Number of protein chains: 2
Amino acid sequence: MPNVLLLPELREMLAVGDEPALQAVVNELHPATVADFSEGLDVDETWRLLAHAPIDRQAEVLTFYPPPKQVEMVDGAGREAMARLLEEMPHDDRVDLLKRLDDEVVESLLPLVTKADRADIRRLLSYPEDSVGAVMTTDYASLSADVTVGEAISQLRRQAPEKETIYYVYVVDEERRLIGFVSLRDLILAKPNARVADVMHRDVICARIDEDREAVARKLAEYDFLALPVVDDQHRLVGIVTFDDVADVLEAEVTEDFHLTAAVAPLARGYGQTNPWALYRRRVGWLVVLVFVNLVSSGVIAAYEETLQAAIALAFFLPLLIDSGGNTGSQAATLIVRALATGEIGVGQWLRVVVKELAVGTALGATMAAASFALGAFRGGVEVGLIVGISMLGIVVLTNLIGVLLPFVLTRLRFDPAVASSPLITTVADAAGLFLYFTIATWVIGLMGPLQPV
Amino acid sequence: MPNVLLLPELREMLAVGDEPALQAVVNELHPATVADFSEGLDVDETWRLLAHAPIDRQAEVLTFYPPPKQVEMVDGAGREAMARLLEEMPHDDRVDLLKRLDDEVVESLLPLVTKADRADIRRLLSYPEDSVGAVMTTDYASLSADVTVGEAISQLRRQAPEKETIYYVYVVDEERRLIGFVSLRDLILAKPNARVADVMHRDVICARIDEDREAVARKLAEYDFLALPVVDDQHRLVGIVTFDDVADVLEAEVTEDFHLTAAVAPLARGYGQTNPWALYRRRVGWLVVLVFVNLVSSGVIAAYEETLQAAIALAFFLPLLIDSGGNTGSQAATLIVRALATGEIGVGQWLRVVVKELAVGTALGATMAAASFALGAFRGGVEVGLIVGISMLGIVVLTNLIGVLLPFVLTRLRFDPAVASSPLITTVADAAGLFLYFTIATWVIGLMGPLQPV
């Protein structure tokens with residue numbers, strides 16, 4: 001959401017042409033702050049504001065706008081101006097921007113940027129969306145192993161303005177194969193006449209260009225690195241992934257998990273940018289599939305139709321029992337899905353988890369059974385209380401177990417354990433719950449005789 | 001999960017006392033890799049392995065073990081050895097470790113560490129768990145404004161071994177008030193005889209010591225900073241939060257959101273470390289509350305008991321209709337909860353979202369109605385088909401709307417929108433769905449006459 005706090009002041013400055021104030025705003029605040037304050041301006045106003053900064057600063061601010069505003073800004077700028085900006089933007093950010101533009105716009109811009117930038121853009125655009133190639137950047141700092149530390153620092157000083165980071169420097173041989181890495185901290189601490197080969201780390205943790213972006217983001221976070229080098233199949237350095245991409249990638253993956261859990265197919269863009277028709281398509285598939293899964297529950301009801309008609313009071317507790325089963329199962333499934341996603345438990349530990357959850361489920365079932373017995377007895381006497389209470393105990397223990405096991409089974413079958421976990425559990429829990437309820441009702445009625453009319 | 005790949009080799013090296021190999025493993029691999037490979041060793045073996053590294057390296061490896069292993073390691077080491085390790089650990093990591101130990105153990109260790117470290121530990125331990133104080137570290141690099149760039153780099157060189165990062169350096173006045181910040185990149189690029197005051201940034205984005213840790217982590221990620229300074233109420237620098245804490249904090253918050261969504265109260269520790277009794281307490285509250293919310297559905301059934309008894313074929317479609325409502329509502333609620341959590345939409349946009357979702361809901365409802373009409377007609381003729389189809393259309397449109405509105409209402413009432421969203425929606429959707437179903441059934445039966453027995 002745009003920050004509207006300073007919009008009136010900014011518009012006033014633009015209206016009266018207060019050059020010193022405009023220059024101060026654009027050049028002295030952090031670029032993210034400039035973007036935050038100016039997001040609410042229209043495209044034309046924003047460009048007039050940015051014109052008060054040098055082009056590299058303009059490019060920096062541009063990367064901090066939300067994607068839809070970036071696209072609008074491109075439409076508003078001349079193609080020539082935009083090409084100059086693209087040359088100044090960090091290599092990963094400009095590709096992210098170009099991916100959101102129409103192909104025709106991209107094709108009309110590319111001939112205007114330098115040949116080297118054009119080749120770089122085309123290469124980065126070619127990697128699949130979920131691979132590390134799609135989030136990495138190519139503006140990394142590199143050195144050869146045979147220079148001295150003093151020379152290395154001078155080289156970094158020259159490279160600094162164009163590089164995403166100079167705090168991690170990668171050491172490559174003549175064929176650009178990755179042979180080591182050295183941090184600026186190591187260089188600062190080393191003797192200036194030492195050779196880079198002697199101070200560099202040779203055990204470099206790196207990512208392969210075709211690796212999954214989530215796996216690489218997790219690796220980066222696990223090792224507390226600022227950046228991770230990315231290599232091709234011949235171990236040649238092709239890019240780096242930096243720490244600031246981790247939060248973005250993990251957030252996108254978490255959103256996907258949340259959506260999967262609720263049986264929504266992953267959205268390509270944010271909710272705000274997805275049109276109703278696309279939303280419909282992401283949701284309808286699972287809803288229709290679940291209708292058919294639900295026919296199992298209907299089958300159980302059909303099988304016990306006479307029992308239900310003879311003891312219609314049982315219908316009163318139907319929603320309560322099947323929902324409690326669904327809720328218990330969702331809780332259990334969510335706990336396990338999340339613990340599996342964070343790597344906190346492994347698939348191999350399923351038996352230990354099941355034993356633990358048998359204890360939890362029994363305790364939950366006993367509490368719920370006591371509450372249901374009271375409700376049932378109050379509504380229809382002790383017999384109904386017993387039917388409802390015993391059913392509740394069985395349903396909670398059973399659905400809890402189903403909720404625990406489903407994510408392990410899905411993982412084993414090579415599905416994402418989050419897939420539709422909540423609705424699928426609810427639906428499976430319903431069928432199981434109904435079956436238990438009618439079985440127990442038939443059994444208790446057999447023992448104690450027909451129910452009293454309520 | 002421990003990596004068991006190299007366990008046999010490590011045990012063999014320990015058994016035959018292969019000193020060079022053990023030294024190479026502990027000293028030449030990344031500390032995270034050492035921790036990963038040795039996690040499966042028992043406490044005694046792990047200490048024998050670590051003994052082959054200097055104490056600062058031991059401390060580094062220790063921080064990469066999962067928390068339960070860290071606690072076991074402390075129990076296995078002598079108190080004297082542990083006190084030395086604590087002095088070497090990063091200030092935030094050692095406090096995280098101490099928080100997991102019994103109070104008695106902590107109190108027996110503290111007298112053995114130096115006075116300065118002891119005071120630092122006690123201060124960091126005193127901040128509330130959700131505040132930025134609980135994740136920040138106090139081993140930051142700082143300078144005064146009147147030194148030259150050359151002198152600043154020499155000072156950093158001296159400070160480097162003990163600091164969490166030297167890439168961001170904070171500039172403070174005599175009272176330790178934060179007046180600026182400068183990156184090592186700025187220092188490297190500046191002339192050695194320039195003054196820090198002339199190259200530092202004065203517009204410093206910082207966090208207040210009592211701010212929420214999630215808000216600060218998001219700020220750090222938004223600005224792509226390596227670290228954010230933390231100040232007290234007199235703007236004195238008291239610590240820094242670093243980029244590597246962002247992923248941890250956001251992951252913890254996301255887990256909390258997942259659990260809330262499924263009506264599980266947030267766990268204090270990971271699932272694996274939470275005992276059954278604690279799990280029971282986190283889950284039972286909402287389950288029992290939802291039993292009572294469910295009585296509304298029971299009430300609807302009670303009101304239509306005669307209709308149901310007279311047309312028992314309607315029971316067949318009960319689970320299908322109420323589950324479809326719950327599933328649709330969960331999908332909608334999850335989309336909105338997540339979009340609100342990532343800041344992608346704001347509370348003020350509720351009307352636009354409702355209009356959009358009316359379109360989506362109608363399209364979903366029409367599709368589901370067609371499928372249900374076919375099922376109903378197949379099972380009980382056109383009349384049943386019409387009842388089930390029209391009900392499904394109404395239920396899907398209505399529950400979709402409830403799912404969209406509930407997160408906005410919860411936010412407005414100052415609850416977390418994720419609270420119990422899935423089960424709460426399911427339960428509310430049930431009651432609404434049952435009511436619609438019976439109303440429509442009564443209406444259609446009134447128009448077309450009693451249902452044929454199936």
# chains A, B, ... in the order shown; residues from 1 in each chain; ligands from 1
>>> interface_residues(of="chain A", to="chain B", cutoff="6 Å", atoms="only C-alpha atoms", output="list in words")
Ala32, Arg157, Leu189, Tyr223, Asp224, Asp244, Ala262, Pro276, Tyr280, Asn294, Ser298, Ile301, Ala302, Gln309, Phe316, Leu320, Asn327, Gln331, Val360 and Pro423 of chain A
>>> write_last_selection(atoms="C-alpha atoms", output="PDB file, in the first residue's frame")
ATOM      1  CA  ALA A  32      13.481   2.393  -0.605  1.00  0.00           C
ATOM      2  CA  ARG A 157      37.603  -0.671  -5.557  1.00  0.00           C
ATOM      3  CA  LEU A 189      42.687  -8.839   7.742  1.00  0.00           C
ATOM      4  CA  TYR A 223      24.941 -21.198   6.195  1.00  0.00           C
ATOM      5  CA  ASP A 224      24.341 -17.516   7.032  1.00  0.00           C
ATOM      6  CA  ASP A 244      18.203 -10.199  -0.088  1.00  0.00           C
ATOM      7  CA  ALA A 262      -6.510 -24.613   1.198  1.00  0.00           C
ATOM      8  CA  PRO A 276     -11.330 -13.287 -11.448  1.00  0.00           C
ATOM      9  CA  TYR A 280     -11.687 -19.279 -10.790  1.00  0.00           C
ATOM     10  CA  ASN A 294     -17.583 -36.466  -0.728  1.00  0.00           C
ATOM     11  CA  SER A 298     -23.148 -39.676   0.986  1.00  0.00           C
ATOM     12  CA  ILE A 301     -25.603 -41.871   4.848  1.00  0.00           C
ATOM     13  CA  ALA A 302     -27.460 -43.852   2.170  1.00  0.00           C
ATOM     14  CA  GLN A 309     -35.173 -42.015   9.633  1.00  0.00           C
ATOM     15  CA  PHE A 316     -29.079 -32.968  15.257  1.00  0.00           C
ATOM     16  CA  LEU A 320     -21.121 -31.226  15.226  1.00  0.00           C
ATOM     17  CA  ASN A 327     -11.152 -29.589  12.706  1.00  0.00           C
ATOM     18  CA  GLN A 331      -4.959 -29.244  13.222  1.00  0.00           C
ATOM     19  CA  VAL A 360      -2.688 -36.250  22.116  1.00  0.00           C
ATOM     20  CA  PRO A 423     -10.172 -29.787   2.663  1.00  0.00           C
TER      21      PRO A 423
END
>>> select_by_dssp(residues="segment 216-361 of chain A", states="helix (DSSP H, G or I)", output="JSON, numbers by chain")
{"A": [216, 217, 218, 219, 220, 221, 222, 223, 243, 244, 245, 246, 247, 248, 249, 250, 251, 252, 253, 254, 255, 256, 257, 258, 259, 260, 261, 271, 272, 273, 276, 277, 278, 279, 280, 281, 282, 283, 284, 285, 286, 287, 288, 289, 290, 291, 292, 293, 294, 295, 296, 297, 298, 299, 300, 301, 302, 303, 305, 306, 307, 308, 309, 310, 312, 313, 314, 315, 316, 317, 318, 319, 320, 321, 322, 323, 324, 325, 326, 327, 328, 329, 330, 331, 332, 333, 334, 335, 336, 337, 338, 339, 340, 341, 347, 348, 349, 350, 351, 352, 353, 354, 355, 356, 357, 358, 359, 360, 361]}
>>> atom_distance(atom1="atom CA of Val241 of chain A", atom2="atom CA of Asp102 of chain A")
26.0 Å
>>> atom_distance(atom1="atom CA of His235 of chain B", atom2="atom CA of Asp117 of chain B")
23.0 Å
>>> select_by_dssp(residues="segment 76-287 of chain B", states="strand (DSSP E)", output="ChimeraX atom specification")
/B:141-143,168-172,178-183,207-208,227-231,237-242
>>> write_last_selection(atoms="C-alpha atoms", output="PDB file, in the first residue's frame")
ATOM      1  CA  ALA B 141      31.267  -2.383  14.958  1.00  0.00           C
ATOM      2  CA  SER B 142      31.154   1.329  15.793  1.00  0.00           C
ATOM      3  CA  LEU B 143      33.280   4.438  15.201  1.00  0.00           C
ATOM      4  CA  TYR B 168      28.201  -1.943   8.237  1.00  0.00           C
ATOM      5  CA  VAL B 169      29.717   0.364  10.815  1.00  0.00           C
ATOM      6  CA  TYR B 170      27.664   2.684  12.994  1.00  0.00           C
ATOM      7  CA  VAL B 171      28.845   6.148  13.919  1.00  0.00           C
ATOM      8  CA  VAL B 172      28.054   7.331  17.457  1.00  0.00           C
ATOM      9  CA  LEU B 178      23.515   6.991  16.730  1.00  0.00           C
ATOM     10  CA  ILE B 179      24.421   9.804  14.322  1.00  0.00           C
ATOM     11  CA  GLY B 180      25.299   7.993  11.110  1.00  0.00           C
ATOM     12  CA  PHE B 181      26.297   4.841   9.341  1.00  0.00           C
ATOM     13  CA  VAL B 182      28.919   3.916   6.794  1.00  0.00           C
ATOM     14  CA  SER B 183      29.490   0.686   4.886  1.00  0.00           C
ATOM     15  CA  ALA B 207      14.634   0.104  14.919  1.00  0.00           C
ATOM     16  CA  ARG B 208      13.486   0.881  18.469  1.00  0.00           C
ATOM     17  CA  ALA B 227      21.935  -5.051   9.304  1.00  0.00           C
ATOM     18  CA  LEU B 228      19.698  -2.559  11.061  1.00  0.00           C
ATOM     19  CA  PRO B 229      20.829  -0.630  14.155  1.00  0.00           C
ATOM     20  CA  VAL B 230      18.651  -0.830  17.268  1.00  0.00           C
ATOM     21  CA  VAL B 231      18.373   2.214  19.547  1.00  0.00           C
ATOM     22  CA  LEU B 237      22.853   2.477  19.913  1.00  0.00           C
ATOM     23  CA  VAL B 238      22.213  -0.754  21.853  1.00  0.00           C
ATOM     24  CA  GLY B 239      22.557  -3.476  19.200  1.00  0.00           C
ATOM     25  CA  ILE B 240      22.072  -4.577  15.617  1.00  0.00           C
ATOM     26  CA  VAL B 241      19.816  -7.073  13.882  1.00  0.00           C
ATOM     27  CA  THR B 242      21.533  -8.851  10.991  1.00  0.00           C
TER      28      THR B 242
END
>>> residues_around(residues="segment 387-393 of chain A", least_positions_apart="3", cutoff="6 Å", atoms="only C-alpha atoms", output="MDAnalysis selection string")
chainID A and resid 365:366 369 372:373 384 396 437 441
>>> write_last_selection(atoms="C-alpha atoms", output="PDB file, in the first residue's frame")
ATOM      1  CA  GLY A 365     -11.110 -37.098  22.279  1.00  0.00           C
ATOM      2  CA  ALA A 366     -11.836 -37.618  25.975  1.00  0.00           C
ATOM      3  CA  ALA A 369     -16.491 -36.731  24.417  1.00  0.00           C
ATOM      4  CA  SER A 372     -20.666 -34.045  23.715  1.00  0.00           C
ATOM      5  CA  PHE A 373     -22.054 -36.477  26.273  1.00  0.00           C
ATOM      6  CA  VAL A 384     -28.234 -40.130  23.041  1.00  0.00           C
ATOM      7  CA  VAL A 396     -11.387 -37.414  17.242  1.00  0.00           C
ATOM      8  CA  TYR A 437     -21.438 -42.452  14.297  1.00  0.00           C
ATOM      9  CA  ALA A 441     -25.667 -45.584  17.178  1.00  0.00           C
TER      10      ALA A 441
END
>>> residues_around(residues="segment 91-93 of chain B", least_positions_apart="3", cutoff="8 Å", atoms="only C-alpha atoms", output="PyMOL selection string")
chain B and resi 63+96-97+120-121+124+134-139
>>> write_last_selection(atoms="N, CA and C atoms", output="PDB file, in the first residue's frame")
ATOM      1  N   THR B  63      27.066 -23.234  17.258  1.00  0.00           N
ATOM      2  CA  THR B  63      25.878 -22.433  16.914  1.00  0.00           C
ATOM      3  C   THR B  63      25.094 -23.049  15.760  1.00  0.00           C
ATOM      4  N   ASP B  96      20.416 -17.219  22.772  1.00  0.00           N
ATOM      5  CA  ASP B  96      19.424 -18.197  22.304  1.00  0.00           C
ATOM      6  C   ASP B  96      19.663 -19.548  22.982  1.00  0.00           C
ATOM      7  N   LEU B  97      20.928 -19.926  23.099  1.00  0.00           N
ATOM      8  CA  LEU B  97      21.258 -21.202  23.744  1.00  0.00           C
ATOM      9  C   LEU B  97      20.894 -21.169  25.226  1.00  0.00           C
ATOM     10  N   ASP B 120      26.287  -8.372  29.574  1.00  0.00           N
ATOM     11  CA  ASP B 120      25.684  -8.399  28.245  1.00  0.00           C
ATOM     12  C   ASP B 120      24.624  -9.499  28.150  1.00  0.00           C
ATOM     13  N   ILE B 121      24.962 -10.672  28.668  1.00  0.00           N
ATOM     14  CA  ILE B 121      24.025 -11.802  28.620  1.00  0.00           C
ATOM     15  C   ILE B 121      22.760 -11.471  29.399  1.00  0.00           C
ATOM     16  N   LEU B 124      20.555  -8.989  27.434  1.00  0.00           N
ATOM     17  CA  LEU B 124      19.865  -9.585  26.279  1.00  0.00           C
ATOM     18  C   LEU B 124      18.789 -10.578  26.718  1.00  0.00           C
ATOM     19  N   ALA B 134      15.190  -9.418  21.573  1.00  0.00           N
ATOM     20  CA  ALA B 134      15.438 -10.846  21.730  1.00  0.00           C
ATOM     21  C   ALA B 134      16.183 -11.453  20.547  1.00  0.00           C
ATOM     22  N   VAL B 135      16.265 -10.759  19.416  1.00  0.00           N
ATOM     23  CA  VAL B 135      17.007 -11.325  18.277  1.00  0.00           C
ATOM     24  C   VAL B 135      18.268 -10.532  17.943  1.00  0.00           C
ATOM     25  N   MET B 136      18.403  -9.316  18.535  1.00  0.00           N
ATOM     26  CA  MET B 136      19.551  -8.492  18.155  1.00  0.00           C
ATOM     27  C   MET B 136      20.841  -9.017  18.792  1.00  0.00           C
ATOM     28  N   THR B 137      21.966  -8.520  18.301  1.00  0.00           N
ATOM     29  CA  THR B 137      23.243  -8.871  18.904  1.00  0.00           C
ATOM     30  C   THR B 137      23.963  -7.587  19.287  1.00  0.00           C
ATOM     31  N   THR B 138      24.873  -7.700  20.267  1.00  0.00           N
ATOM     32  CA  THR B 138      25.559  -6.492  20.748  1.00  0.00           C
ATOM     33  C   THR B 138      26.987  -6.409  20.233  1.00  0.00           C
ATOM     34  N   ASP B 139      27.413  -7.406  19.441  1.00  0.00           N
ATOM     35  CA  ASP B 139      28.788  -7.339  18.935  1.00  0.00           C
ATOM     36  C   ASP B 139      28.839  -6.689  17.555  1.00  0.00           C
TER      37      ASP B 139
END
>>> atom_distance(atom1="atom CA of Asp416 of chain B", atom2="atom CA of Glu129 of chain B")
18.1 Å
